[in-house]
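The next block is target-v7.csv, given as CSV, C-alpha atoms and all ligand atoms.
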chain,number,residue,atom,x,y,z
A,3,MET,CA,-19.8,11.4,59.0
A,4,ASN,CA,-16.1,12.3,58.5
A,5,LEU,CA,-14.7,9.9,55.9
A,6,ARG,CA,-11.9,12.1,54.6
A,7,THR,CA,-8.2,11.5,55.5
A,8,SER,CA,-5.5,14.1,55.5
A,9,SER,CA,-4.2,12.9,52.1
A,10,ASP,CA,-7.6,13.6,50.5
A,11,ARG,CA,-7.0,17.3,51.4
A,12,GLY,CA,-3.6,17.1,49.8
A,13,ARG,CA,-1.5,18.2,52.8
A,14,GLY,CA,0.4,16.3,55.5
A,15,LEU,CA,-0.1,12.6,56.4
A,16,PHE,CA,-1.6,11.2,59.5
A,17,VAL,CA,-0.6,7.7,60.9
A,18,SER,CA,-1.7,6.1,64.2
A,19,VAL,CA,0.0,3.3,66.0
A,20,ASP,CA,-2.0,1.1,68.3
A,21,GLY,CA,-1.7,-2.4,69.8
A,22,PRO,CA,-1.6,-4.3,73.1
A,23,GLY,CA,0.3,-3.0,76.1
A,24,GLY,CA,3.9,-3.9,75.7
A,25,ALA,CA,3.7,-4.6,71.9
A,26,GLY,CA,6.2,-1.8,71.4
A,27,LYS,CA,4.1,1.2,70.2
A,28,THR,CA,6.2,3.9,71.9
A,29,THR,CA,9.5,2.2,70.9
A,30,ILE,CA,8.4,1.8,67.3
A,31,VAL,CA,7.0,5.3,67.0
A,32,ARG,CA,10.4,6.6,68.2
A,33,HIS,CA,12.3,4.7,65.5
A,34,LEU,CA,9.7,5.6,62.9
A,35,ALA,CA,10.0,9.3,63.7
A,36,GLN,CA,13.8,9.1,63.5
A,37,LEU,CA,13.7,7.4,60.2
A,38,LEU,CA,11.3,9.8,58.6
A,39,LEU,CA,13.2,12.8,59.9
A,40,THR,CA,16.4,11.4,58.3
A,41,GLU,CA,14.4,11.1,55.1
A,42,GLY,CA,13.7,14.9,55.3
A,43,HIS,CA,10.0,14.9,56.4
A,44,GLN,CA,8.6,17.4,58.9
A,45,VAL,CA,7.6,14.9,61.6
A,46,HIS,CA,5.4,15.5,64.7
A,47,VAL,CA,5.0,12.8,67.3
A,48,THR,CA,2.0,12.9,69.5
A,49,ALA,CA,0.1,10.5,71.8
A,50,GLU,CA,-3.2,9.8,73.5
A,51,PRO,CA,-4.1,10.7,76.1
A,52,SER,CA,-3.0,14.0,74.7
A,53,SER,CA,-1.1,16.7,76.6
A,54,GLY,CA,-4.2,19.0,76.4
A,55,PRO,CA,-6.6,19.7,79.2
A,56,ILE,CA,-9.0,16.8,78.5
A,57,GLY,CA,-6.1,14.3,78.0
A,58,LYS,CA,-4.6,15.4,81.4
A,59,LEU,CA,-7.9,14.9,83.0
A,60,ALA,CA,-8.4,11.5,81.4
A,61,CYS,CA,-5.0,10.5,82.6
A,62,ASP,CA,-5.5,11.7,86.1
A,63,LEU,CA,-8.9,10.0,86.3
A,64,THR,CA,-8.0,6.6,84.7
A,65,PRO,CA,-7.2,4.9,88.1
A,66,THR,CA,-10.5,5.8,89.6
A,67,VAL,CA,-13.1,6.4,86.9
A,68,THR,CA,-14.4,3.5,84.9
A,69,GLY,CA,-16.5,2.4,82.0
A,70,HIS,CA,-18.7,4.7,79.9
A,71,ALA,CA,-17.6,7.9,81.7
A,72,LEU,CA,-13.9,7.2,81.0
A,73,ALA,CA,-14.7,6.1,77.4
A,74,CYS,CA,-16.4,9.5,76.8
A,75,LEU,CA,-13.5,11.3,78.3
A,76,TYR,CA,-11.0,9.6,76.0
A,77,ALA,CA,-13.2,10.2,73.0
A,78,ALA,CA,-13.6,13.9,74.0
A,79,ASP,CA,-9.8,14.1,74.3
A,80,ARG,CA,-9.5,12.6,70.8
A,81,TYR,CA,-11.8,15.1,69.1
A,82,HIS,CA,-10.1,18.0,70.9
A,83,HIS,CA,-6.7,16.6,70.1
A,84,VAL,CA,-7.6,16.5,66.4
A,85,GLU,CA,-8.9,20.0,66.3
A,86,THR,CA,-6.2,21.7,68.3
A,87,GLU,CA,-3.0,19.8,67.5
A,88,ILE,CA,-3.4,17.2,64.6
A,89,LYS,CA,-5.3,19.1,62.0
A,90,PRO,CA,-3.3,22.4,62.2
A,91,LEU,CA,-0.1,20.4,61.8
A,92,LEU,CA,-1.5,18.4,58.8
A,93,LYS,CA,-2.5,21.7,57.2
A,94,ASN,CA,1.1,22.8,57.7
A,95,GLY,CA,2.3,19.7,55.8
A,96,HIS,CA,3.6,17.7,58.7
A,97,LEU,CA,3.7,14.0,59.0
A,98,VAL,CA,1.8,13.4,62.3
A,99,ILE,CA,2.4,10.1,64.2
A,100,SER,CA,0.0,9.4,67.1
A,101,ASP,CA,1.0,6.8,69.7
A,102,ARG,CA,-2.6,5.4,70.3
A,103,TYR,CA,-5.7,6.8,68.6
A,104,VAL,CA,-9.1,5.4,67.7
A,105,ALA,CA,-8.1,1.7,67.9
A,106,SER,CA,-7.2,2.2,71.5
A,107,GLY,CA,-10.6,3.8,72.0
A,108,LEU,CA,-12.2,0.7,70.6
A,109,VAL,CA,-10.2,-1.6,72.9
A,110,VAL,CA,-9.1,-0.3,76.3
A,111,GLN,CA,-12.5,0.6,77.8
A,112,ARG,CA,-13.7,-3.0,77.0
A,113,PHE,CA,-11.6,-4.0,80.0
A,114,ASP,CA,-14.3,-2.1,82.0
A,115,GLY,CA,-17.1,-3.9,80.2
A,116,VAL,CA,-18.1,-1.2,77.7
A,117,ASP,CA,-19.9,-2.5,74.7
A,118,PRO,CA,-17.8,-2.3,71.5
A,119,VAL,CA,-20.8,-0.9,69.5
A,120,PHE,CA,-21.0,2.0,71.9
A,121,LEU,CA,-17.2,2.6,71.6
A,122,TRP,CA,-17.5,2.6,67.8
A,123,GLN,CA,-20.3,5.1,67.8
A,124,LEU,CA,-18.3,7.4,70.1
A,125,ASN,CA,-15.3,7.3,67.9
A,126,GLU,CA,-16.6,6.9,64.3
A,127,GLU,CA,-16.5,10.6,63.5
A,128,ALA,CA,-12.9,11.1,64.5
A,129,GLU,CA,-10.5,12.2,61.7
A,130,ARG,CA,-9.4,9.1,59.8
A,131,PRO,CA,-5.7,8.5,59.7
A,132,ASP,CA,-4.1,7.9,56.3
A,133,LEU,CA,-2.7,4.7,57.8
A,134,VAL,CA,-3.8,2.9,60.9
A,135,VAL,CA,-1.0,0.6,62.2
A,136,ILE,CA,-2.1,-2.2,64.5
A,137,LEU,CA,0.8,-3.9,66.2
A,138,GLU,CA,0.1,-7.6,66.7
A,139,ALA,CA,2.2,-10.0,68.8
A,140,ASP,CA,2.1,-13.3,70.4
A,141,PRO,CA,0.4,-12.6,73.8
A,142,ASP,CA,2.9,-14.7,75.7
A,143,VAL,CA,5.8,-12.6,74.2
A,144,ILE,CA,4.2,-9.3,75.1
A,145,ALA,CA,3.2,-10.5,78.5
A,146,GLU,CA,7.0,-11.2,79.1
A,147,ARG,CA,7.9,-7.7,77.7
A,148,LEU,CA,5.3,-6.1,80.0
A,149,GLU,CA,6.6,-8.0,83.0
A,150,ALA,CA,10.2,-7.0,82.2
A,151,ARG,CA,9.3,-3.3,81.7
A,152,GLY,CA,6.5,-3.1,84.3
A,153,PRO,CA,2.8,-2.3,83.7
A,154,HIS,CA,1.8,1.3,82.7
A,155,ASN,CA,-1.8,1.2,83.8
A,156,ARG,CA,-4.5,-0.6,85.8
A,157,PHE,CA,-5.7,-2.5,82.7
A,158,GLN,CA,-2.4,-4.3,82.4
A,159,HIS,CA,-2.8,-5.7,86.0
A,160,THR,CA,-5.8,-7.8,84.9
A,161,PRO,CA,-4.7,-11.4,84.8
A,162,GLY,CA,-4.3,-12.6,81.2
A,163,SER,CA,-4.6,-9.0,79.9
A,164,SER,CA,-2.3,-9.6,77.0
A,165,HIS,CA,-4.4,-12.5,75.7
A,166,THR,CA,-7.7,-10.6,76.2
A,167,GLU,CA,-6.3,-7.4,74.6
A,168,ALA,CA,-5.0,-9.4,71.5
A,169,VAL,CA,-8.6,-10.6,70.9
A,170,PHE,CA,-10.0,-7.1,71.4
A,171,TYR,CA,-7.5,-5.6,68.9
A,172,ARG,CA,-8.3,-8.3,66.3
A,173,GLN,CA,-12.0,-7.3,66.6
A,174,ALA,CA,-11.1,-3.6,66.5
A,175,THR,CA,-9.1,-4.3,63.3
A,176,GLU,CA,-12.1,-5.9,61.7
A,177,THR,CA,-14.4,-3.0,62.7
A,178,LEU,CA,-11.9,-0.5,61.2
A,179,GLU,CA,-11.4,-2.5,58.0
A,180,GLU,CA,-15.2,-2.9,57.5
A,181,ALA,CA,-15.5,0.8,57.9
A,182,GLY,CA,-13.0,1.4,55.1
A,183,PHE,CA,-9.9,2.5,57.2
A,184,ALA,CA,-6.5,1.7,55.7
A,185,VAL,CA,-5.1,-0.7,58.2
A,186,LEU,CA,-1.6,-2.2,58.4
A,187,ALA,CA,-1.5,-5.1,60.8
A,188,LEU,CA,2.1,-5.7,61.7
A,189,ASP,CA,3.4,-8.7,63.7
A,190,CYS,CA,6.1,-7.5,66.0
A,191,SER,CA,6.7,-10.6,68.1
A,192,SER,CA,10.1,-11.4,66.7
A,193,ARG,CA,10.9,-8.4,64.5
A,194,PRO,CA,13.2,-5.8,66.0
A,195,PRO,CA,11.5,-2.5,66.4
A,196,GLU,CA,13.8,-0.8,63.8
A,197,GLN,CA,12.5,-3.3,61.2
A,198,SER,CA,8.8,-2.7,62.1
A,199,ALA,CA,9.5,1.1,61.8
A,200,ALA,CA,11.1,0.6,58.4
A,201,ILE,CA,8.0,-1.3,57.2
A,202,ILE,CA,5.7,1.4,58.3
A,203,ALA,CA,8.0,4.1,56.7
A,204,GLY,CA,7.8,2.2,53.5
A,205,GLU,CA,4.0,2.2,53.5
A,206,LEU,CA,4.0,6.0,54.2
A,207,THR,CA,6.5,6.7,51.4
A,208,ALA,CA,4.2,4.8,49.0
A,209,LEU,CA,1.3,6.9,50.2
A,210,LEU,CA,3.3,10.1,49.6
A,211,ALA,CA,4.5,9.1,46.1
A,212,PRO,CA,2.5,11.0,43.5
A,213,SER,CA,0.0,8.5,41.9
A,214,GLU,CA,1.3,7.4,38.4
A,215,ALA,CA,-0.4,9.2,35.6
A,216,VAL,CA,-2.4,7.0,33.3
A,217,SER,CA,-0.8,7.1,29.9
A,218,GLY,CA,-3.2,6.7,27.0
A,301,LIG,N1,10.6,-6.3,68.9
A,301,LIG,C1,10.2,-5.3,69.8
A,301,LIG,N2,9.5,-4.3,69.3
A,301,LIG,C2,9.1,-3.3,70.2
A,301,LIG,N3,9.4,-3.3,71.5
A,301,LIG,C3,10.2,-4.3,72.0
A,301,LIG,C4,10.6,-5.3,71.2
A,301,LIG,N4,11.3,-6.2,71.9
A,301,LIG,C5,11.4,-5.7,73.1
A,301,LIG,N5,10.7,-4.6,73.3
A,301,LIG,C6,10.6,-3.8,74.5
A,301,LIG,O1,9.2,-4.0,75.0
A,301,LIG,C7,8.9,-3.0,76.0
A,301,LIG,C8,7.6,-2.4,75.7
A,301,LIG,O2,7.7,-1.4,74.7
A,301,LIG,P1,6.9,-0.1,74.7
A,301,LIG,O3,6.9,0.6,76.0
A,301,LIG,O4,7.3,0.6,73.5
A,301,LIG,O5,5.4,-0.7,74.4
A,301,LIG,P2,4.0,0.0,74.3
A,301,LIG,O6,3.2,-0.8,73.4
A,301,LIG,O7,4.2,1.5,74.1
A,301,LIG,O8,3.4,-0.2,75.8
A,301,LIG,P3,2.3,0.5,76.6
A,301,LIG,O9,1.0,0.3,75.9
A,301,LIG,O10,2.3,-0.2,77.9
A,301,LIG,O11,2.7,1.9,76.7
A,301,LIG,C9,10.1,-2.0,75.9
A,301,LIG,O12,10.9,-2.2,77.0
A,301,LIG,C10,10.8,-2.3,74.6
A,301,LIG,O13,12.1,-2.0,74.6
A,302,LIG,C1,-6.1,6.4,74.1
A,302,LIG,C2,-6.6,5.7,75.3
A,302,LIG,C3,-5.8,5.6,76.4
A,302,LIG,N1,-6.2,5.0,77.5
A,302,LIG,C4,-5.3,4.8,78.7
A,302,LIG,C5,-4.6,3.6,78.9
A,302,LIG,C6,-3.4,4.0,79.7
A,302,LIG,O1,-3.8,4.2,81.0
A,302,LIG,C7,-3.0,5.3,79.1
A,302,LIG,C8,-2.0,5.2,77.9
A,302,LIG,O2,-0.7,5.1,78.4
A,302,LIG,P1,0.4,4.1,77.7
A,302,LIG,O3,1.6,4.5,78.3
A,302,LIG,O4,0.3,4.4,76.2
A,302,LIG,O5,0.0,2.7,78.0
A,302,LIG,O6,-4.3,5.8,78.6
A,302,LIG,C9,-7.5,4.5,77.6
A,302,LIG,O7,-7.9,4.0,78.7
A,302,LIG,N2,-8.3,4.7,76.5
A,302,LIG,C10,-7.9,5.3,75.4
A,302,LIG,O8,-8.7,5.4,74.4

Render the structure in this file as structure tokens.
Ligand SMILES: Nc1ncnc2c1ncn2[C@@H]1O[C@H](COP(=O)(O)OP(=O)(O)OP(=O)(O)O)[C@@H](O)[C@H]1O
Ligand SMILES: Cc1cn([C@H]2C[C@H](O)[C@@H](COP(=O)(O)O)O2)c(=O)[nH]c1=O
Amino acid sequence: MNLRTSSDRGRGLFVSVDGPGGAGKTTIVRHLAQLLLTEGHQVHVTAEPSSGPIGKLACDLTPTVTGHALACLYAADRYHHVETEIKPLLKNGHLVISDRYVASGLVVQRFDGVDPVFLWQLNEEAERPDLVVILEADPDVIAERLEARGPHNRFQHTPGSSHTEAVFYRQATETLEEAGFAVLALDCSSRPPEQSAAIIAGELTALLAPSEAVSG
């Protein structure tokens, strides 16, 4: 089983940002990347589905393919994304930010009734991020944001999807914490996205700081 994170290898840093539709993942990732660039880091923003061949297929098939088949397709994209894009950049010392990663894999296909244990087994060997950010928000607030922006996918058309997704994400957070992932659960109901980004940047800066030598 793959239990190592990129910082264990001493190069780069990998952070994923997940959370319910409309929570602000893409907006916060944009602010975070800007902030880290300003601080002088080599930053690479990526997302899932990836822009690779499996990601494109998953994206094209999401409206018509459901359940286990789609879960396998997203997991296949994730493993391929790691091997072809994320790991090479980490080796090169980049700070890689992924807009959606394993946590989305534990959540989204549950809307099609896929068992969370099956989803965990599919995803558990994926590269562990140094920091897993889960955006949390009052479901009524994000339902309003979704309505204002417009839904991005068929899962967001399910009535009450923001409430259901909030529950699924809380369960995914527990699964990840129990498995030893470093999780930052961040409430972004009332925080402006710039502030959420600054909190995440602070956590990353702490991870990058050399650990203090023990003086004897
Ligand atoms: N405090 C906030 N934090 C983040 N986004 C906010 C906030 N307040 C309002 N928004 C708005 O909420 C909308 C949804 O944001 P965004 O598209 O980044 O969400 P998302 O989580 O990436 O959604 P999806 O999963 O559907 O792609 C955007 O129009 C964004 O400007
Ligand atoms: C990683 C992942 C993604 N999806 C689906 C859900 C949406 O249709 C898109 C993501 O687009 P968005 O603009 O970020 O909302 O991909 C999925 O079904 N399962 C997954 O694991």

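Minimum distance to A:Phe183 across A:Thr66, A:Asn94, A:Thr86, A:Ser18 (counting all atoms listed in the file) occurs at A:Ser18.
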
**Q.** Distance in Å - atom C9 of ligand LIG 302 (chain A) versus atom CA of A:Lys58
**A.** 11.9 Å

**Q.** Given only C-alpha atoms and all ligand atoms as the counted atoms, nearest of A:His96, A:Arg112, A:Lys89, A:His33 to ligand LIG 302 (chain A)
**A.** A:Arg112

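Nearest residue to A:Leu121 among A:Gly42, A:Gly152, A:Gly69, A:Pro141 is A:Gly69, counting only C-alpha atoms.
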
Q. Please, which residues are within 9 Å of (-1.1, 13.2, 66.8) by the file's coordinates, counting only C-alpha atoms, and could they come as a list of chain:residue names?
A.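 Within 9 Å of (-1.1, 13.2, 66.8), the protein and nucleic acid residues are A:Phe16, A:Val17, A:Ser18, A:His46, A:Val47, A:Thr48, A:Ala49, A:Glu50, A:Ser52, A:His83, A:Val84, A:Glu87, A:Ile88, A:Lys89, A:Leu91, A:Val98, A:Ile99, A:Ser100, A:Asp101, A:Arg102, A:Tyr103.
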
File dump, residues just selected, C-alpha atoms, as a compact mmCIF listing (two decimals), keeping the file's coordinate frame:
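See part-v7.txt below for the written result:
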# COMPACT_ATOMS: atom_id res chain seq x y z
CA PHE A 16 -1.60 11.20 59.50
CA VAL A 17 -0.60 7.70 60.90
CA SER A 18 -1.70 6.10 64.20
CA HIS A 46 5.40 15.50 64.70
CA VAL A 47 5.00 12.80 67.30
CA THR A 48 2.00 12.90 69.50
CA ALA A 49 0.10 10.50 71.80
CA GLU A 50 -3.20 9.80 73.50
CA SER A 52 -3.00 14.00 74.70
CA HIS A 83 -6.70 16.60 70.10
CA VAL A 84 -7.60 16.50 66.40
CA GLU A 87 -3.00 19.80 67.50
CA ILE A 88 -3.40 17.20 64.60
CA LYS A 89 -5.30 19.10 62.00
CA LEU A 91 -0.10 20.40 61.80
CA VAL A 98 1.80 13.40 62.30
CA ILE A 99 2.40 10.10 64.20
CA SER A 100 0.00 9.40 67.10
CA ASP A 101 1.00 6.80 69.70
CA ARG A 102 -2.60 5.40 70.30
CA TYR A 103 -5.70 6.80 68.60

Give me the chain A side of the contact with ligand LIG 301 (chain A), cut-off 6 Å, one line per residue showing its nearest atom pair and distance in Å at one decimal, counting only C-alpha atoms and all ligand atoms, sorted by chain and residue number, as a tab-separated table.
residue	atom	partner	partner_atom	distance
A:Pro22	CA	A:LIG301	O6	5.9
A:Gly23	CA	A:LIG301	O9	3.4
A:Gly24	CA	A:LIG301	O8	3.7
A:Ala25	CA	A:LIG301	O6	4.1
A:Gly26	CA	A:LIG301	O5	3.3
A:Lys27	CA	A:LIG301	O6	3.9
A:Thr28	CA	A:LIG301	O7	3.8
A:Thr29	CA	A:LIG301	O4	3.8
A:Ile30	CA	A:LIG301	C2	5.9
A:Arg147	CA	A:LIG301	O1	4.8
A:Arg151	CA	A:LIG301	O12	5.1
A:His154	CA	A:LIG301	O10	5.1
A:Cys190	CA	A:LIG301	N1	5.5
A:Ser191	CA	A:LIG301	N1	5.9
A:Ser192	CA	A:LIG301	N1	5.6
A:Arg193	CA	A:LIG301	N1	4.9
A:Pro194	CA	A:LIG301	N1	3.9
A:Pro195	CA	A:LIG301	N2	4.0

Q: Write out as a ChimeraX atom specification the residues lying within 9 Å of stretch 162-165 of chain A, counting all atoms listed in the file and excluding same-chain residues fewer than 4 positions away.
A: /A:22-24,113,140-142,144-145,148,157-158,169-170

Q) Neighbours of A:Asp114 within 12 Å (all atoms listed in the file; same-chain residues fewer than 2 positions away dropped), as a VMD selection string? A) chain A and resid 64 to 73 108 to 112 116 to 118 121 156 to 157 160

Q) Taking all atoms listed in the file into account, which of A:Leu92, A:Ile56, A:Leu15, A:Ala199 comes nearest ligand LIG 302 (chain A)? A)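 Closest residue, counting all atoms listed in the file: A:Ile56.
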
Q: Tell me, in Å to one decimal, how far atom O8 of ligand LIG 302 (chain A) is from atom CA of A:Pro55.
A: 15.2 Å

**Q.** Distance of atom CA of A:Asp20 from atom C8 of ligand LIG 302 (chain A), expressed in Å to one decimal place
**A.** 10.4 Å

Q. Which of these, A:Glu138, A:Glu180, A:Asp62, A:Glu41, has the shortest distance to ligand LIG 302 (chain A) once you count all atoms listed in the file?
A.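 Looking only at the distances to ligand LIG 302 (chain A), the closest residue turns out to be A:Asp62.
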
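You can rank A:Lys93, A:His159, A:His43, A:Arg130 by their closest distance to ligand LIG 302 (chain A) using only C-alpha atoms and all ligand atoms, and at the top of that list sits A:His159.
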
Q: Show which residues sit within 9 Å of A:Gln44, as a list in words. Count all atoms listed in the file, and ignore same-chain residues fewer than 5 positions away.
A: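 What passes the distance filter is Gly14, Leu38, Leu39, Gly95, His96, Leu97 and Val98 of chain A.
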
Residue subset to file, keeping C-alpha atoms, as a short mmCIF file (atom, residue, chain, number, x, y, z; two decimals), in the frame of the given file:
data_model
loop_
_atom_site.label_atom_id
_atom_site.label_comp_id
_atom_site.auth_asym_id
_atom_site.auth_seq_id
_atom_site.Cartn_x
_atom_site.Cartn_y
_atom_site.Cartn_z
CA GLY A 14 0.40 16.30 55.50
CA LEU A 38 11.30 9.80 58.60
CA LEU A 39 13.20 12.80 59.90
CA GLY A 95 2.30 19.70 55.80
CA HIS A 96 3.60 17.70 58.70
CA LEU A 97 3.70 14.00 59.00
CA VAL A 98 1.80 13.40 62.30
#
